[in-house]
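Report on the following structure.
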Amino acid sequence: PDEVRIGDFEWSPDGTHLAFERVTEDRIELWLVDVAAAAAGRLADVRLNGAISGSSFTWSPDGTSLLARTVPDAVGPAPEAPEVPSTPVIQESGGDAAPARTYQDLLESPYDEELFAHFATADLVRVGLDGSVHTMLEEVIVTDFEPSPDGRFLFVQTFHRPFSYLVPLYGFPTRMEVLDRDGSPVYLLAELPAAENVPTGFGSVQTGPRSAGWRPDRPAVLAWVAAQDGGDARAEAEVRDALFDLGAPFDGDPRHLADLSLRYAGTRWSTHGYALVSEYWFGTRMQRTWRVRTDEPGDATIVFEGSSEDRFGDPGDPMTTPDGHGSAVLLTADEGRTIFLSGGGASPDGEHPFVHRYDLETGRTEDVFRSTDPWYEVPVAFLDASAGSLLIRREAADEPPNWYVRDAGGALRAVTDLPHPHPELSGVVREFMTYEREDGLPLSATLYLPPGYDAERDGPLPALVWAYPREFKSAAAAGQVGQSPFRFTRISASGGIPFVLRGYAVLDGASMPIVGEGDDEPNDAFMGQLVANAEAVIREGARRGVVDPDRVAIAGHSYGAFMTANLLAHSDLFRAGIARSGAYNRTLTPFGFQSEERTYWEAPDVYYTMSPFMHADQVDEPILLIHGIADNNSGTFPIQSERFFAALKGHGARARLVMLPNESHGYRARESVLHMLWEESEWLDTYVRDAPPRSVPVKGPTG
């Protein structure tokens, strides 16, 4: 259709049709493209329900119908908010510990419950390619629906009352069951209560079945994992999780496939009698992949083992291929003995994405493809693995990404010819620079310089450092700075690169590692390491003669905003800062934040010391705070910026607070994005570019 707004879309298993959502002013319609005829039309007179995240439809394995979540025919107008509340809002603790990380946009009242139920309630229907509609479930809150590979059954997850006021949607009471093609119940896997009592700590999970779904290598076998340690990551246990399956007709006992000593992290199934099962433990950053014999439960061998932080040692991810029924199975060769791995190829010499053949019996690796300089090439998918035909995305520092077919001999055939999306940046100088922190830890940043800039002629520039802190359990991993200097320069309004066209040296993605090895936690030494990182990047920019160390700004979004406020409070390295959508008082996130597992009551000094709100009296450089009024990100309540600004104002700091209407954690409206850029530009020009020497008081902008 003309001027169409397309939502989700999905190919039929045989590729002959493409289904998509057409979004209109008052409904979401289901449309179908007949590929051979190159024609599209509305499939049936149904309104798709997209209120809950995830696709509102999926194809049946045989491609003759679609399963869809639709708005019930009998739905009425949305409930109106009562002028006078009918009841008080009551919550009660029964004496059991129920810690929860900080969530936003939770249900808060009986009216919220009714509003949520009104929009989330749906019918689950089967829509034939002839437009026929068969209703399988009526007026339920469906979160997931997946047909079995043979199409005879349907696995469905639904939410039900009582809704929780403490956890988000995915923690509501859940029912998991198998239905037949007509919607009749066949097997109940689980009835789970609200996930309000999950212990604290990364790696803690709800007890009962989770990560349930069909095995793609069997006609109708359901697989799931269940915690064996009570779901408590802090409990001592030799076995954390166990993997189970059960096949049609679902009248026997579940079969035990494997035990895991770490927390389950996913499965890739093969059609050769085995699966690759991954496990992970946050506290140690350890990850393992096992080869589990699915025909001989209990027989498992380690395929890969190492640290999730070790980018240089990353073996890559097993590649998959469509199985012809809408599912994905492992891509293999040699009767399943060989798998294919795709990875980023990080190394001290830069990133070189690759595809490997990996022999599961010998562990021998063979290169199939590897990106070569001066290009950055990413493998997308095999078009024909036996012939070595590979679809890749290829780019260079001055050439935008385009897609190519690469044959086994390395010959390329262009698939796309996309032009430079922002030619204004074609003259920007881009350099990947490496340097060291005072303690010898390797760091990196990408340096952008204005078109036509000459360091000897023009001298050092005012600079903008854009960064985001990251925690590590190993200094060796934190020092792995391999990136590619051959990536195309992408511009985004959400980062700092646009300001290179305003005459600034931009140090983008400046490393801000926070390391805590052994029994030490990274945040125990957060502030000292943060300041050392900032000192290092300014020192390197000044050493190169391109950065004026007296005119440098620091900026970041979310945890980067938190970083910005702390650097202004605990150092005098920067002339000004820009902090967007941040959290500044860690006592408002008392059950953990970012990668901090300890609660406020376990580490009160850490929470206090790391909170820039507690040190607002030490912020003596201008700071611009920007926040979306409707921020729904965990922990970054809008009140975080509002109260921090009040604290700054109360202590006489130079600060400006900008609250963007209707915006969430990231900003999307054109008006909001343009206003944000104007605010940032004015702030940088006033307090950095045009800043007088530090000994002279500076004036604030007008307007």
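By order in the structure tokens, chains are A, B, ...; within a chain, residues start at 1; ligands start at 1, following the order shown.
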Practice task
Please provide the set of residues having any atom within 10 Å of Pro485 in chain A, restricted to only C-alpha atoms, with same-chain residues fewer than 3 positions apart removed, written as a PyMOL selection string.
Solution key: chain A and resi 349-351+373-376+396-397+430-433+446+482+488-489
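On the backbone of this structure, DSSP gives strand (DSSP E or B) within range 508-556 of chain A to A:Asp508, A:Gly509, A:Ala510, A:Pro513, A:Ile514, A:Val515, A:Val547, A:Asp548, A:Pro549, A:Asp550, A:Arg551, A:Val552, A:Ala553, A:Ile554, A:Ala555, A:Gly556.
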Take the selection from the previous step and output its residues with all heavy atoms, as an mmCIF file, in the first residue's frame.
```
data_model
loop_
_atom_site.group_PDB
_atom_site.id
_atom_site.type_symbol
_atom_site.label_atom_id
_atom_site.label_comp_id
_atom_site.auth_asym_id
_atom_site.auth_seq_id
_atom_site.Cartn_x
_atom_site.Cartn_y
_atom_site.Cartn_z
ATOM 1 N N ASP A 508 35.749 9.362 21.133
ATOM 2 C CA ASP A 508 34.538 8.563 21.286
ATOM 3 C C ASP A 508 34.863 7.166 21.801
ATOM 4 O O ASP A 508 35.872 6.569 21.420
ATOM 5 C CB ASP A 508 33.822 8.452 19.939
ATOM 6 C CG ASP A 508 32.447 7.840 20.068
ATOM 7 O OD1 ASP A 508 31.639 8.360 20.843
ATOM 8 O OD2 ASP A 508 32.194 6.831 19.383
ATOM 9 N N GLY A 509 33.981 6.641 22.648
ATOM 10 C CA GLY A 509 34.184 5.292 23.175
ATOM 11 C C GLY A 509 35.447 5.167 23.989
ATOM 12 O O GLY A 509 36.087 4.106 23.994
ATOM 13 N N ALA A 510 35.825 6.234 24.697
ATOM 14 C CA ALA A 510 37.041 6.194 25.509
ATOM 15 C C ALA A 510 36.918 5.112 26.579
ATOM 16 O O ALA A 510 35.926 5.039 27.299
ATOM 17 C CB ALA A 510 37.282 7.558 26.157
ATOM 18 N N PRO A 513 37.474 1.215 31.943
ATOM 19 C CA PRO A 513 37.350 -0.052 32.659
ATOM 20 C C PRO A 513 37.481 0.126 34.171
ATOM 21 O O PRO A 513 38.285 0.924 34.654
ATOM 22 C CB PRO A 513 38.510 -0.874 32.100
ATOM 23 C CG PRO A 513 39.529 0.142 31.722
ATOM 24 C CD PRO A 513 38.751 1.329 31.220
ATOM 25 N N ILE A 514 36.684 -0.638 34.893
ATOM 26 C CA ILE A 514 36.759 -0.687 36.349
ATOM 27 C C ILE A 514 37.028 -2.145 36.705
ATOM 28 O O ILE A 514 36.191 -3.008 36.470
ATOM 29 C CB ILE A 514 35.464 -0.196 37.011
ATOM 30 C CG1 ILE A 514 35.031 1.164 36.427
ATOM 31 C CG2 ILE A 514 35.631 -0.120 38.513
ATOM 32 C CD1 ILE A 514 35.989 2.302 36.671
ATOM 33 N N VAL A 515 38.210 -2.427 37.265
ATOM 34 C CA VAL A 515 38.667 -3.802 37.452
ATOM 35 C C VAL A 515 38.648 -4.186 38.922
ATOM 36 O O VAL A 515 39.104 -3.426 39.786
ATOM 37 C CB VAL A 515 40.091 -3.979 36.882
ATOM 38 C CG1 VAL A 515 40.538 -5.435 36.997
ATOM 39 C CG2 VAL A 515 40.157 -3.512 35.436
ATOM 40 N N VAL A 547 44.472 17.960 21.341
ATOM 41 C CA VAL A 547 43.525 18.270 22.417
ATOM 42 C C VAL A 547 44.116 19.336 23.322
ATOM 43 O O VAL A 547 45.254 19.213 23.798
ATOM 44 C CB VAL A 547 43.189 17.008 23.240
ATOM 45 C CG1 VAL A 547 42.425 17.376 24.513
ATOM 46 C CG2 VAL A 547 42.366 16.033 22.405
ATOM 47 N N ASP A 548 43.332 20.372 23.558
ATOM 48 C CA ASP A 548 43.690 21.395 24.532
ATOM 49 C C ASP A 548 43.243 20.896 25.905
ATOM 50 O O ASP A 548 42.042 20.834 26.187
ATOM 51 C CB ASP A 548 42.982 22.707 24.192
ATOM 52 C CG ASP A 548 43.292 23.814 25.189
ATOM 53 O OD1 ASP A 548 43.944 23.536 26.214
ATOM 54 O OD2 ASP A 548 42.846 24.952 24.952
ATOM 55 N N PRO A 549 44.157 20.489 26.774
ATOM 56 C CA PRO A 549 43.757 19.873 28.045
ATOM 57 C C PRO A 549 42.993 20.815 28.969
ATOM 58 O O PRO A 549 42.370 20.353 29.932
ATOM 59 C CB PRO A 549 45.097 19.447 28.663
ATOM 60 C CG PRO A 549 46.115 20.328 28.028
ATOM 61 C CD PRO A 549 45.620 20.592 26.645
ATOM 62 N N ASP A 550 43.023 22.108 28.672
ATOM 63 C CA ASP A 550 42.283 23.065 29.498
ATOM 64 C C ASP A 550 40.858 23.268 29.002
ATOM 65 O O ASP A 550 40.069 23.965 29.634
ATOM 66 C CB ASP A 550 43.020 24.413 29.502
ATOM 67 C CG ASP A 550 42.492 25.337 30.586
ATOM 68 O OD1 ASP A 550 42.310 24.870 31.733
ATOM 69 O OD2 ASP A 550 42.230 26.513 30.275
ATOM 70 N N ARG A 551 40.511 22.652 27.846
ATOM 71 C CA ARG A 551 39.163 22.821 27.292
ATOM 72 C C ARG A 551 38.614 21.458 26.858
ATOM 73 O O ARG A 551 38.502 21.172 25.667
ATOM 74 C CB ARG A 551 39.181 23.791 26.115
ATOM 75 C CG ARG A 551 39.531 25.234 26.489
ATOM 76 C CD ARG A 551 39.368 26.148 25.288
ATOM 77 N NE ARG A 551 40.294 25.798 24.211
ATOM 78 C CZ ARG A 551 40.139 26.159 22.943
ATOM 79 N NH1 ARG A 551 39.069 26.872 22.578
ATOM 80 N NH2 ARG A 551 41.030 25.811 22.027
ATOM 81 N N VAL A 552 38.310 20.636 27.835
ATOM 82 C CA VAL A 552 37.792 19.297 27.572
ATOM 83 C C VAL A 552 36.479 19.109 28.321
ATOM 84 O O VAL A 552 36.364 19.477 29.494
ATOM 85 C CB VAL A 552 38.796 18.201 27.996
ATOM 86 C CG1 VAL A 552 38.254 16.807 27.643
ATOM 87 C CG2 VAL A 552 40.152 18.417 27.334
ATOM 88 N N ALA A 553 35.492 18.538 27.636
ATOM 89 C CA ALA A 553 34.206 18.208 28.254
ATOM 90 C C ALA A 553 34.078 16.695 28.350
ATOM 91 O O ALA A 553 34.631 15.955 27.538
ATOM 92 C CB ALA A 553 33.057 18.779 27.433
ATOM 93 N N ILE A 554 33.320 16.236 29.325
ATOM 94 C CA ILE A 554 33.013 14.822 29.493
ATOM 95 C C ILE A 554 31.512 14.645 29.330
ATOM 96 O O ILE A 554 30.720 15.490 29.780
ATOM 97 C CB ILE A 554 33.491 14.293 30.867
ATOM 98 C CG1 ILE A 554 33.188 12.805 31.022
ATOM 99 C CG2 ILE A 554 32.857 15.095 32.000
ATOM 100 C CD1 ILE A 554 33.986 11.908 30.132
ATOM 101 N N ALA A 555 31.096 13.565 28.658
ATOM 102 C CA ALA A 555 29.667 13.361 28.409
ATOM 103 C C ALA A 555 29.355 11.873 28.347
ATOM 104 O O ALA A 555 30.207 11.046 28.027
ATOM 105 C CB ALA A 555 29.246 14.035 27.099
ATOM 106 N N GLY A 556 28.097 11.563 28.655
ATOM 107 C CA GLY A 556 27.666 10.177 28.568
ATOM 108 C C GLY A 556 26.181 10.050 28.822
ATOM 109 O O GLY A 556 25.523 10.977 29.313
#
```
Exercise for the section: Please provide the set of residues having any atom within 9 Å of Arg101 in chain A, restricted to only C-alpha atoms, with same-chain residues fewer than 6 positions apart removed, written as number ranges by chain. Expected result: A: 167, 200, 589-593, 634-635
Practice task
Identify, on the basis of only C-alpha atoms, every residue whose closest approach to Pro353 in chain A does not exceed 8 Å; exclude the query and any residue fewer than 6 positions from it along the same chain; express the result as a VMD selection string.
Solution key: chain A and resid 342 to 346 370 to 371 376 to 379
What does the file look like for those residues with N, CA, C and O atoms, as a short mmCIF file (atom, residue, chain, number, x, y, z; two decimals), in the first residue's frame?
```cif
data_model
loop_
_atom_site.label_atom_id
_atom_site.label_comp_id
_atom_site.auth_asym_id
_atom_site.auth_seq_id
_atom_site.Cartn_x
_atom_site.Cartn_y
_atom_site.Cartn_z
N SER A 342 31.11 -18.48 13.98
CA SER A 342 31.24 -17.11 13.49
C SER A 342 31.55 -16.20 14.68
O SER A 342 30.89 -16.29 15.72
N GLY A 343 32.56 -15.34 14.54
CA GLY A 343 32.95 -14.48 15.65
C GLY A 343 33.52 -13.16 15.20
O GLY A 343 33.75 -12.92 14.01
N GLY A 344 33.77 -12.29 16.18
CA GLY A 344 34.26 -10.94 15.90
C GLY A 344 35.74 -10.87 15.59
O GLY A 344 36.21 -9.90 15.02
N GLY A 345 36.51 -11.87 16.02
CA GLY A 345 37.92 -11.90 15.69
C GLY A 345 38.74 -10.81 16.33
O GLY A 345 39.69 -10.29 15.72
N ALA A 346 38.43 -10.45 17.58
CA ALA A 346 39.20 -9.42 18.27
C ALA A 346 40.63 -9.89 18.51
O ALA A 346 40.86 -11.06 18.84
N ARG A 370 37.87 -14.92 6.70
CA ARG A 370 38.36 -13.95 7.68
C ARG A 370 38.49 -12.60 7.00
O ARG A 370 39.02 -12.50 5.89
N SER A 371 37.98 -11.58 7.67
CA SER A 371 38.06 -10.22 7.13
C SER A 371 39.52 -9.80 6.99
O SER A 371 40.35 -10.06 7.86
N TYR A 376 36.42 -4.03 6.59
CA TYR A 376 35.80 -4.67 7.75
C TYR A 376 34.62 -5.45 7.20
O TYR A 376 33.64 -4.87 6.72
N GLU A 377 34.74 -6.78 7.21
CA GLU A 377 33.75 -7.65 6.59
C GLU A 377 33.14 -8.56 7.64
O GLU A 377 33.87 -9.23 8.39
N VAL A 378 31.81 -8.60 7.69
CA VAL A 378 31.10 -9.40 8.69
C VAL A 378 30.32 -10.51 7.99
O VAL A 378 29.49 -10.23 7.11
N PRO A 379 30.56 -11.77 8.36
CA PRO A 379 29.75 -12.85 7.78
C PRO A 379 28.32 -12.78 8.28
O PRO A 379 28.08 -12.62 9.48
#
```
Exercise for the section: For Arg210 in chain A, list every protein, DNA or RNA residue within 7 Å, evaluated using only C-alpha atoms, and leave out those in the same chain fewer than 3 positions away; present the list as a ChimeraX atom specification. Expected result: /A:224-226
Take the residues that were just selected and, keeping all heavy atoms, output them as a tab-separated table (two decimals), in the first residue's frame.
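Once everything was written out, this is result.tsv:
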```tsv
chain	number	residue	atom	x	y	z
A	224	TRP	N	12.98	-27.90	28.42
A	224	TRP	CA	13.02	-26.78	29.36
A	224	TRP	C	14.15	-27.00	30.36
A	224	TRP	O	14.75	-28.08	30.42
A	224	TRP	CB	11.69	-26.62	30.09
A	224	TRP	CG	11.33	-27.76	31.00
A	224	TRP	CD1	11.62	-27.90	32.33
A	224	TRP	CD2	10.62	-28.95	30.63
A	224	TRP	NE1	11.14	-29.08	32.81
A	224	TRP	CE2	10.51	-29.74	31.79
A	224	TRP	CE3	10.07	-29.42	29.43
A	224	TRP	CZ2	9.87	-30.99	31.80
A	224	TRP	CZ3	9.43	-30.65	29.43
A	224	TRP	CH2	9.33	-31.42	30.60
A	225	VAL	N	14.44	-25.98	31.13
A	225	VAL	CA	15.45	-26.06	32.17
A	225	VAL	C	14.80	-25.69	33.49
A	225	VAL	O	13.81	-24.93	33.52
A	225	VAL	CB	16.64	-25.12	31.84
A	225	VAL	CG1	16.21	-23.66	31.89
A	225	VAL	CG2	17.81	-25.35	32.78
A	226	ALA	N	15.33	-26.22	34.60
A	226	ALA	CA	14.79	-25.91	35.93
A	226	ALA	C	15.94	-25.83	36.92
A	226	ALA	O	16.89	-26.62	36.87
A	226	ALA	CB	13.79	-26.98	36.37
```
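In terms of minimum interatomic distance to Glu138 in chain A, A:Asp73 ranks closest within A:Asp73, A:Asp620, A:Asp45, A:Glu471, counting only C-alpha atoms.
Of note, CA of Glu139 in chain A and CA of Pro85 in chain A are spaced 26.6 Å apart.
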Problem - Non-local contacts of Pro216 in chain A (12 Å; only C-alpha atoms; under 3 positions in same chain excluded) as a ChimeraX atom specification - result: /A:61,146-151,213,219-223,267-275,320-330
Handout entry: Pairwise distance for CA of Arg694 in chain A and CA of Pro622 in chain A, rounded to one decimal in Å
Key = 12.5 Å
Handout entry: Distance query Val500 in chain A at most 7 Å, only C-alpha atoms, self and fewer than 5 positions along chain excluded, as a ChimeraX atom specification
Key = /A:448-450,505-506
Handout entry: CA of Arg293 in chain A to CA of Arg215 in chain A, straight-line distance in Å
Key =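 Those two atoms sit 13.7 Å apart.
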Problem - A:Glu395, A:Glu680, A:Glu456, A:Asp251 ranked by distance to Ser494 in chain A, top pick (using only C-alpha atoms) - result: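 Of A:Glu395, A:Glu680, A:Glu456, A:Asp251, the one nearest Ser494 in chain A, counting only C-alpha atoms, is A:Glu680.
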Practice task
Tell me which of A:Leu48, A:Ala536, A:Met319, A:Leu360 sits closest to Phe382 in chain A, counting only C-alpha atoms.
Solution key: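 Closest to Phe382 in chain A of all the choices is A:Met319.
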